[in-house]
Amino acid sequence: MASTTSRKVEQSRRLQQRAESMIPGGVNSPVRAFRSVGGDPPFIVRGKASHTWDADDNEYIDYVCSWGPLILGHADPAVLDAIVGAACNGTSFGASTPSEADLAELVLSAFPNMQKVRFVSSGTEATMSAIRLARAYTKRKYIVKFEGCYHGHADALLVKAGSGVATLGIPGSAGVPEEFTQFTVALPFNNLSAVEHAFSKFKHQIACVIVEPVVGNMGCVPAADDYLVGLRLLTEKERAVLIFDEVMTGFRVAFGGAQELYNIKPDLTTMGKIIGGGLPVGAYGGPNEIMDLVAPLGPMYQAGTLSGNPLAMAAGCAMLKQLRERKAEIYPQLEKMSGELVEGVAAAAKDAGVALTHNRVGSMFTWFFNDRPVTDWESASKSNTEMFGKFFRSMLDNGIYLPPSQFEAAFLGATHTAEDIQKTIAAAKVAFGAVKES
Ligand code: KE4
């Protein structure tokens with residue numbers, strides 16, 4: 001959907017046309033096509049720290065950060081050195097390498113609720129495997145997820161909420177037979193009674209509850225007070241596995257993720273993004289009692305040609321070592337700067353008379369074009385996505401690259417500067433003017 005823009009787009013348009021002739025929508029992940037915000041997706045050619053440049057040499061302050069991984073910014077020198085160093089020794093062996101245990105050690109030291117971890121190549125693989133493992137451990141079939149939470153594109157997780165509470169999910173994608181979602185219960189987030197109802201309806205049949213402990217995939221939506229504790233108590237009582245999907249929150253909202261931030265001990269944790277340092281890595285982990293069911297130790301099968309890839313392990317180690325060494329500096333800085341940014345834009349919206357609400361946990365946040373608090377999918381979905389699209393396009397024209405969807409979290413990293421923040425707030429003032437005019 002082309003739209004008028006002051007930005008140079010000729011090269012990106014040419015590249016988009018070329019890509020579309022060979023790749024569905026010209027993209028390798030749908031959100032990158034800008035379908036929900038309109039306009040011309042920039043083809044990014046390089047990044048450095050908090051900035052990226054596109055094929056038309058437009059420069060952006062980047063708040064996508066590769067959808068979360070780049071908490072230390074683009075082309076972090078230590079991460080690049082680690083990747084180059086590993087690559088000089090070969091890229092993949094299909095055999096164990098010392099780097100896998102190196103990364104495992106770093107992950108387990110930050111997430112003491114896990115005794116073992118298995119690396120895979122994406123968050124989807126991590127959650128798909130964790131659910132299979134929960135079913136193997138409990139010998140139960142049903143799984144509970146929450147509307148607005150996204151855990152990757154495994155069939156059983158691509159469900160729309162059935163109408164009413166505790167009804168079975170209906171396929172949310174073509175190609176997913178209803179038989180594949182018949183054991184998936186999709187419930188409203190931040191509603192404990194819905195979970196209690198599901199456990200009473202599917203007594204002793206629910207294998208696991210999987211939750212984003214801070215939701216990023218309906219936009220940023222934190223759990224209500226005592227909600228996560230409530231999920232923990234309910235799953236303990238019902239002997240179901242509690243899975244914290246920390247693909248986005250792991251090492252993001254705290255060095256030890258949401259489970260450190262909220263002091264909740266899940267049974268299994270899934271991870272991705274930051275632990276790969278920008279290369280493809282996912283992971284799932286938990287106590288030996290559950291993890292020792294994973295092949296080759298036990299009967300739950302999961303495998304992967306490039307799982308534990310030495311370049312990805314090296315990148316992840318370089319990222320996590322820096323976060324470990326600098327966490328006392330980095331996380332307070334992210335908290336402070338993210339707060340200044342989010343509040344500054346909110347104040348600009350107020351001054352412009354634009355209805356805007358926002359949610360933030362640490363350095364993940366979302367501005368919703370909504371005059372009410374956003375606490376779940378029902379409230380998030382009432383946001384004005386057309387207004388968001390206008391805001392997004394104006395920000396992009398002024399060099400601010402936000403996630404191209406109202407229902408995604410934005411991220412700030414350790415290389416964003418005070419100047420970036422001020423420029424973003426200034427661009428927001430212009431954007432709100434554009435939104436009001438239209
Ligand atoms: P991947 O398979 O995309 O690596 O991870 C799936 C996943 C699992 N769990 C959570 C909490 C996630 O946020 C994700 C993926 N996040 C999206 C951004 N909302 C990836 C961006 C995209 O799909 O292009």
# chains A, B, ... in the order shown; residues from 1 in each chain; ligands from 1
$ residues_near_ligand --ligand "ligand 1" --cutoff "7 Å" --atoms "only C-alpha atoms and all ligand atoms" --output "VMD selection string"
chain A and resid 29 to 32 67 122 to 125 127 150 to 153 212 216 to 217 245 to 248 272 to 273 282 408
$ residues_around --residues "Phe255 in chain A" --least-positions-apart "6" --cutoff "10 Å" --atoms "only C-alpha atoms" --output "PyMOL selection string"
chain A and resi 107+110-111+249+261+320+323-324+327-328+330-331
$ write_last_selection --atoms "N, CA, C and O atoms" --output "PDB file, in the first residue's frame"
ATOM      1  N   VAL A 107      23.417 -18.943  30.462  1.00  0.00           N
ATOM      2  CA  VAL A 107      21.955 -18.903  30.591  1.00  0.00           C
ATOM      3  C   VAL A 107      21.525 -19.421  31.961  1.00  0.00           C
ATOM      4  O   VAL A 107      20.733 -18.792  32.670  1.00  0.00           O
ATOM      5  N   ALA A 110      22.019 -17.160  34.910  1.00  0.00           N
ATOM      6  CA  ALA A 110      21.074 -16.032  35.023  1.00  0.00           C
ATOM      7  C   ALA A 110      19.663 -16.506  35.358  1.00  0.00           C
ATOM      8  O   ALA A 110      18.842 -15.737  35.839  1.00  0.00           O
ATOM      9  N   PHE A 111      19.393 -17.791  35.068  1.00  0.00           N
ATOM     10  CA  PHE A 111      18.048 -18.351  35.285  1.00  0.00           C
ATOM     11  C   PHE A 111      18.185 -19.585  36.183  1.00  0.00           C
ATOM     12  O   PHE A 111      18.131 -20.719  35.702  1.00  0.00           O
ATOM     13  N   THR A 249      11.221 -11.479  26.862  1.00  0.00           N
ATOM     14  CA  THR A 249      11.533 -10.844  28.150  1.00  0.00           C
ATOM     15  C   THR A 249      12.861 -11.318  28.735  1.00  0.00           C
ATOM     16  O   THR A 249      13.429 -10.628  29.591  1.00  0.00           O
ATOM     17  N   LEU A 261      12.406 -10.546  37.758  1.00  0.00           N
ATOM     18  CA  LEU A 261      11.711  -9.279  38.039  1.00  0.00           C
ATOM     19  C   LEU A 261      10.536  -9.493  38.986  1.00  0.00           C
ATOM     20  O   LEU A 261      10.324  -8.727  39.912  1.00  0.00           O
ATOM     21  N   LEU A 320      25.738 -12.087  26.219  1.00  0.00           N
ATOM     22  CA  LEU A 320      25.384 -12.338  27.621  1.00  0.00           C
ATOM     23  C   LEU A 320      26.530 -12.012  28.572  1.00  0.00           C
ATOM     24  O   LEU A 320      26.308 -11.529  29.687  1.00  0.00           O
ATOM     25  N   LEU A 323      26.288  -8.365  29.145  1.00  0.00           N
ATOM     26  CA  LEU A 323      25.146  -8.033  30.008  1.00  0.00           C
ATOM     27  C   LEU A 323      25.446  -8.416  31.453  1.00  0.00           C
ATOM     28  O   LEU A 323      25.119  -7.680  32.385  1.00  0.00           O
ATOM     29  N   ARG A 324      26.113  -9.566  31.640  1.00  0.00           N
ATOM     30  CA  ARG A 324      26.455 -10.006  33.010  1.00  0.00           C
ATOM     31  C   ARG A 324      27.423  -9.029  33.658  1.00  0.00           C
ATOM     32  O   ARG A 324      27.247  -8.617  34.800  1.00  0.00           O
ATOM     33  N   LYS A 327      25.538  -5.406  34.030  1.00  0.00           N
ATOM     34  CA  LYS A 327      24.097  -5.343  34.330  1.00  0.00           C
ATOM     35  C   LYS A 327      23.752  -4.259  35.341  1.00  0.00           C
ATOM     36  O   LYS A 327      22.702  -3.636  35.254  1.00  0.00           O
ATOM     37  N   ALA A 328      24.676  -3.989  36.282  1.00  0.00           N
ATOM     38  CA  ALA A 328      24.385  -2.963  37.295  1.00  0.00           C
ATOM     39  C   ALA A 328      24.276  -1.575  36.658  1.00  0.00           C
ATOM     40  O   ALA A 328      23.616  -0.686  37.191  1.00  0.00           O
ATOM     41  N   ILE A 330      23.689  -1.241  32.962  1.00  0.00           N
ATOM     42  CA  ILE A 330      22.813  -1.274  31.775  1.00  0.00           C
ATOM     43  C   ILE A 330      21.328  -1.230  32.122  1.00  0.00           C
ATOM     44  O   ILE A 330      20.579  -0.401  31.594  1.00  0.00           O
ATOM     45  N   TYR A 331      20.874  -2.080  33.052  1.00  0.00           N
ATOM     46  CA  TYR A 331      19.419  -2.162  33.274  1.00  0.00           C
ATOM     47  C   TYR A 331      18.847  -0.889  33.911  1.00  0.00           C
ATOM     48  O   TYR A 331      17.794  -0.402  33.463  1.00  0.00           O
TER      49      TYR A 331
END
$ select_by_dssp --residues "range 13-173 of chain A" --states "strand (DSSP E or B)" --output "number ranges by chain"
A: 44-49, 51-54, 59-62, 74, 116-120, 142-146, 159-160, 168, 170-171
$ select_by_dssp --residues "range 146-224 of chain A" --states "helix (DSSP H, G or I)" --output "number ranges by chain"
A: 155-157, 178-180, 192-201
$ residues_around --residues "Val45 in chain A" --least-positions-apart "6" --cutoff "8 Å" --atoms "only C-alpha atoms" --output "short mmCIF file (atom, residue, chain, number, x, y, z; two decimals) with C-alpha atoms, in the first residue's frame"
data_model
loop_
_atom_site.label_atom_id
_atom_site.label_comp_id
_atom_site.auth_asym_id
_atom_site.auth_seq_id
_atom_site.Cartn_x
_atom_site.Cartn_y
_atom_site.Cartn_z
CA THR A 52 20.15 1.83 10.80
CA TRP A 53 20.45 2.96 7.16
CA ASP A 54 18.34 1.87 4.22
CA ALA A 55 19.08 1.37 0.53
#
$ residues_around --residues "Tyr63 in chain A" --least-positions-apart "5" --cutoff "8 Å" --atoms "only C-alpha atoms" --output "JSON, numbers by chain"
{"A": [50, 400, 401, 402, 403, 410, 411, 412]}
$ closest_residue --among "A:Arg372, A:Lys429, A:Lys336, A:Lys423" --to "Ala349 in chain A" --atoms "only C-alpha atoms"
A:Lys429
$ residues_around --residues "Val211 in chain A" --least-positions-apart "5" --cutoff "10 Å" --atoms "only C-alpha atoms" --output "ChimeraX atom specification"
/A:144-147,149-151,189,223,228,231,242-246,269
$ residues_around --residues "Ile274 in chain A" --least-positions-apart "2" --cutoff "9 Å" --atoms "only C-alpha atoms" --output "number ranges by chain"
A: 68-71, 247-252, 271-272, 276-279, 281, 316, 319-320
$ closest_atom_pairs --of "range 273-333 of chain A" --to "range 83-98 of chain A" --cutoff "6 Å" --atoms "only C-alpha atoms" --output "CSV"
residue,atom,partner,partner_atom,distance
A:Asn309,CA,A:Ser92,CA,6.0
A:Leu311,CA,A:Ile83,CA,5.3
A:Ala314,CA,A:Ile83,CA,6.0
A:Ala315,CA,A:Ile83,CA,5.7
$ closest_atom_pairs --of "range 151-247 of chain A" --to "range 354-370 of chain A" --cutoff "7 Å" --atoms "only C-alpha atoms" --output "Markdown table"
| residue | atom | partner | partner_atom | distance |
| --- | --- | --- | --- | --- |
| A:Gly219 | CA | A:Thr366 | CA | 5.6 |
| A:Cys220 | CA | A:Phe365 | CA | 5.3 |
| A:Val221 | CA | A:Asn359 | CA | 6.1 |
$ closest_residue --among "A:Asn191, A:Ser379, A:Gln422, A:Thr415" --to "Leu341 in chain A" --atoms "only C-alpha atoms"
A:Gln422
$ residues_around --residues "Gly26 in chain A" --least-positions-apart "5" --cutoff "9 Å" --atoms "only C-alpha atoms" --output "NGL selection string"
:A and (15-21 or 32-33)
